[in-house]
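So the structure is just underneath, and the comments pick up after that.
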Amino acid sequence: IMGNSNKKPLSRKETFFGLHFDLHPGKGDTQLGEHITEDMIANLMGKVHPDFVQYDCKGHAGYTGYPTKVGWASPGIKKDSLEIWRKITREYGVGLFIHYSGVWDSVAVEHHPEWACVNADGASDTNITSTFGAYIDELLIPQLKEVADTYDLNGVWVDGECWAVKPDFSDKAKEAFTNATGIKEIPVKRGDPHWLEYLAFQREQFKKYVTKYINVLHAHKPGFEITSNWLYSTFVPEPVTVPIDFISGDFSPNDSVNTARLEARYIASTGMPWDLMAWGFNSGNACGWSIKTALSLKQEASVVLAQGGGFQIYYQPTRAGWLDNWMVDIMAEVADFCRDRQAVSHKTQSVPQVAVLLSSASIYDKADKLFGSWGAFLNPLLGVLHSLLELHYSVDVMAEHKLMENLNQYPVVVIPEWHKITDDLRAELMDYVRDGGQLLLVGVESMSLFRDQLGVVFDGDPAETGTFIKAGNSMAWMGGIWQKVRSTTAQVVSERYPNQDGRGKGDFASTINQYSKGQIGAIYGPFGSVYQRSHYPALRQMMSDIMKRLFPEPMVELKAPPCVDVSVRRLGENLLIHLANTAGMQVTNQYAIIDHIPSLGQMELVVRLDKKPKKVSIVPDDSEIKTHWSDGKLSVIISKLNIHSVIVIDQM
């Protein structure tokens, strides 16, 4: 298969499908590049047709996989891998980026202890560099200039950054904090005066550090495109101020679909070009890594494509750089799956339906690290998100600044169990409800932020309570911290009981109160936390009961099992309804790789529209549809759903 040397690589802002290969070279390597051949790479290019490749350069150990003159090359280099990858990617018109570990550089701090971050106990970190030190000027920038020029690279994906950077207690860090704030007593732990200010100062320093090397490299090599892994994802839920060219992150190899469902929705809200990277391999419990099936990766891709993003897959070649042909065939199959959907997925815009808040104010108030991943802090949000997706609502996730920008576009806003939001957002939310908006508050902490508007009086303080929820014809446990309330003007939606005896009248579990032109719903216990841990159907019914009161006529309704995610998107004149089948998704490493996704049988989609559409079709055309238009509703009967389909409604 011949390349096309006249074809120019796409800007990373326009790319859709890519591949990532890293090895994290070390001092024990002996075979780097030994088995790489031009034919191997040409075979991959010809079968997979990626828009870009990210290849190994420098990993967390700090050794490079190319013969650097600036830092420390791995002693195991047999062939210059980047030189061969550059030659063939150029022939195929494919962009070549590198994987490069930034803040995490173990060999750099081994040789230059003065470059290391200092931990709270005064010991120098053995892996993490200081963003206040000379590492950026003496190694990172010179080395990135060297590799960019030597191989005429298109850009760099900088790893080991926001999620690896630590609070720094070096003399330079402390001096900078004192100079900026006047505070001389340096806090070292939560509870110390000015602890949160110290963390906030260090977050700003990290953004200055990234901004500095990006600006230098942009000036040095115009067109060189850069991202810092996970910057401006949920890991850094802030307004975009650092001049990265695109947002990207590698999501969990385990429980991948759930991780991608959240990250894709959040990153899509930023308005930046973006992609998400799936790991092409996973490990069983106490097992080594093994390659995922194409089927598994297609399911992961579907929830990313449904939010308008690009998709890439991460593989590790052998230490000698070899990629076997059977792996290339998996890549090609997933690439074809994505390409079949590119025209109706890439760079689409959300049609606002339900907005869920990710509160940076709450996270930064409680976390003792600079940036994510936030672990259990996000569990209540995940529980709320999963319940809404299983009820087929189209959901966007956004931080305070984006929610405030877009608040009045959303029929419903949901605040999970956040203990703190900004005063500005609270004021905006009150105006939103007065003007007819629908607000749902989940949990005692978020509910208490609006206690005077709930139409209830509080009976005592919140308390740990063993509770069973009654919803529909069943009950389910939902123990945790509950607030007991009595109604003044609120209407009860669901009740709770001390055990599974649901006779008689229970305590209020959720209510809705009319407030001016809008409504405020409240769930008085830990719904999101418990749902994330249990996914009990009765609790999903509880969410359904209150959402139907807040949002009786969503734009789209789907009669299908709860394993179908609905995403309402738009591209030009086309309304796009993405349907992603999450049945059988991998959620535990005891079942590390899936090889069967059950197809779902006939389902009905109902779309509320102002006028009869010109045309309705399905992409890809692997199932049949029947449509009916009546009284402002389009009914679409879909014969089956395999992994991912898009209903395309032409409204011209």
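Ligands are numbered from 1 in the order shown, residues from 1 within each chain, and chains are lettered A, B, ... in the order they appear in the structure tokens.
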List the spatial neighbours of Gly28 of chain A as a list in words - criterion: any atom at most 12 Å away, only C-alpha atoms, same-chain residues fewer than 2 positions off excluded.
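Residues near the query, excluding close chain neighbours: His24, Pro25, Gly26, Thr30, Gln31, Leu32, Ala61, Tyr63, Ala73, Ser74, Pro75, Gly76, Ile77 and Arg319 of chain A.
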Output file for the selection above: C-alpha atoms, as a PDB file, in the first residue's frame:
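The file below, selection-v7.pdb, is the result:
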```
ATOM      1  CA  HIS A  24       8.251   4.884  28.931  1.00  0.00           C
ATOM      2  CA  PRO A  25      11.899   3.980  28.164  1.00  0.00           C
ATOM      3  CA  GLY A  26      14.115   3.089  31.094  1.00  0.00           C
ATOM      4  CA  THR A  30      18.064  -3.224  25.643  1.00  0.00           C
ATOM      5  CA  GLN A  31      15.977  -3.397  22.429  1.00  0.00           C
ATOM      6  CA  LEU A  32      14.343  -0.015  21.732  1.00  0.00           C
ATOM      7  CA  ALA A  61      11.308   7.483  34.077  1.00  0.00           C
ATOM      8  CA  TYR A  63      14.912   8.539  29.719  1.00  0.00           C
ATOM      9  CA  ALA A  73      18.821   8.724  26.515  1.00  0.00           C
ATOM     10  CA  SER A  74      17.931   5.155  27.378  1.00  0.00           C
ATOM     11  CA  PRO A  75      21.015   2.966  26.916  1.00  0.00           C
ATOM     12  CA  GLY A  76      18.849   0.450  25.047  1.00  0.00           C
ATOM     13  CA  ILE A  77      18.335   2.346  21.766  1.00  0.00           C
ATOM     14  CA  ARG A 319      10.075  -3.166  23.948  1.00  0.00           C
TER      15      ARG A 319
END
```
Do a neighbour search on Tyr536 of chain A at 10 Å with only C-alpha atoms, toss out local chain neighbours closer than 4 positions, and write the hits as a PDB file with N, CA and C atoms, in the first residue's frame.
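Below you can see around.pdb, which holds the result:
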```pdb
ATOM      1  N   SER A 387     -28.046   7.629  36.582  1.00  0.00           N
ATOM      2  CA  SER A 387     -29.500   7.471  36.703  1.00  0.00           C
ATOM      3  C   SER A 387     -30.223   8.234  35.596  1.00  0.00           C
ATOM      4  N   MET A 475     -39.165  -1.342  46.652  1.00  0.00           N
ATOM      5  CA  MET A 475     -38.420  -0.549  47.614  1.00  0.00           C
ATOM      6  C   MET A 475     -36.941  -0.896  47.483  1.00  0.00           C
ATOM      7  N   ALA A 476     -36.081   0.045  47.891  1.00  0.00           N
ATOM      8  CA  ALA A 476     -34.640  -0.211  47.876  1.00  0.00           C
ATOM      9  C   ALA A 476     -33.972   0.577  48.990  1.00  0.00           C
ATOM     10  N   TRP A 477     -32.883   0.014  49.490  1.00  0.00           N
ATOM     11  CA  TRP A 477     -32.106   0.661  50.563  1.00  0.00           C
ATOM     12  C   TRP A 477     -31.424   1.918  50.032  1.00  0.00           C
ATOM     13  N   MET A 478     -31.449   2.963  50.828  1.00  0.00           N
ATOM     14  CA  MET A 478     -30.716   4.179  50.481  1.00  0.00           C
ATOM     15  C   MET A 478     -30.263   4.852  51.775  1.00  0.00           C
ATOM     16  N   VAL A 530     -25.303   6.685  46.740  1.00  0.00           N
ATOM     17  CA  VAL A 530     -25.800   5.315  46.830  1.00  0.00           C
ATOM     18  C   VAL A 530     -26.025   4.737  45.438  1.00  0.00           C
ATOM     19  N   TYR A 531     -26.537   5.552  44.512  1.00  0.00           N
ATOM     20  CA  TYR A 531     -26.797   5.016  43.172  1.00  0.00           C
ATOM     21  C   TYR A 531     -25.492   4.617  42.481  1.00  0.00           C
ATOM     22  N   GLN A 532     -24.442   5.403  42.689  1.00  0.00           N
ATOM     23  CA  GLN A 532     -23.156   5.061  42.071  1.00  0.00           C
ATOM     24  C   GLN A 532     -22.663   3.707  42.576  1.00  0.00           C
ATOM     25  N   ARG A 540     -33.611   4.365  40.612  1.00  0.00           N
ATOM     26  CA  ARG A 540     -33.778   4.986  39.298  1.00  0.00           C
ATOM     27  C   ARG A 540     -35.230   5.428  39.114  1.00  0.00           C
ATOM     28  N   GLN A 541     -36.174   4.611  39.594  1.00  0.00           N
ATOM     29  CA  GLN A 541     -37.590   4.980  39.518  1.00  0.00           C
ATOM     30  C   GLN A 541     -37.869   6.227  40.349  1.00  0.00           C
TER      31      GLN A 541
END
```
Coordinates-based distance that separates atom CA of Ala173 of chain A from atom CA of Lys366 of chain A (Å, one decimal):
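Atom-to-atom, atom CA of Lys366 of chain A to atom CA of Ala173 of chain A, that is 22.1 Å.
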Give me every helix (DSSP H, G or I) residue in segment 156-207 of chain A, going by DSSP on the backbone, as a list in words.
Asp171, Lys172, Ala173, Lys174, Glu175, Ala176, Phe177, Thr178, Asn179, Ala180, Thr181, Trp195, Leu196, Glu197, Tyr198, Leu199, Ala200, Phe201, Gln202, Arg203, Glu204, Gln205, Phe206 and Lys207 of chain A
Those of segment 546-638 of chain A in DSSP strand (DSSP E or B), formatted as a ChimeraX atom specification:
/A:556-559,564-571,574-581,600,603-608,615-619,625-630,633-638
Using only C-alpha atoms, which residue out of A:Arg486, A:Lys470, A:Lys292, A:His386 lies closest to Asp545 of chain A?
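That would be A:Lys470, the residue with the smallest distance to Asp545 of chain A.
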If you count only C-alpha atoms, which residues fall within 8 Å of Ile594 of chain A, apart from same-chain ones fewer than 2 positions away, as a list of chain:residue names?
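The residues satisfying every condition are A:Lys292, A:Thr293, A:Leu295, A:Ser296, A:Gly584, A:Met585, A:Gln586, A:Tyr591, A:Ala592, A:His596, A:Ile597.
The gap separating atom CA of Ser256 of chain A from atom CA of Ile546 of chain A is 29.3 Å, in Å to one decimal.
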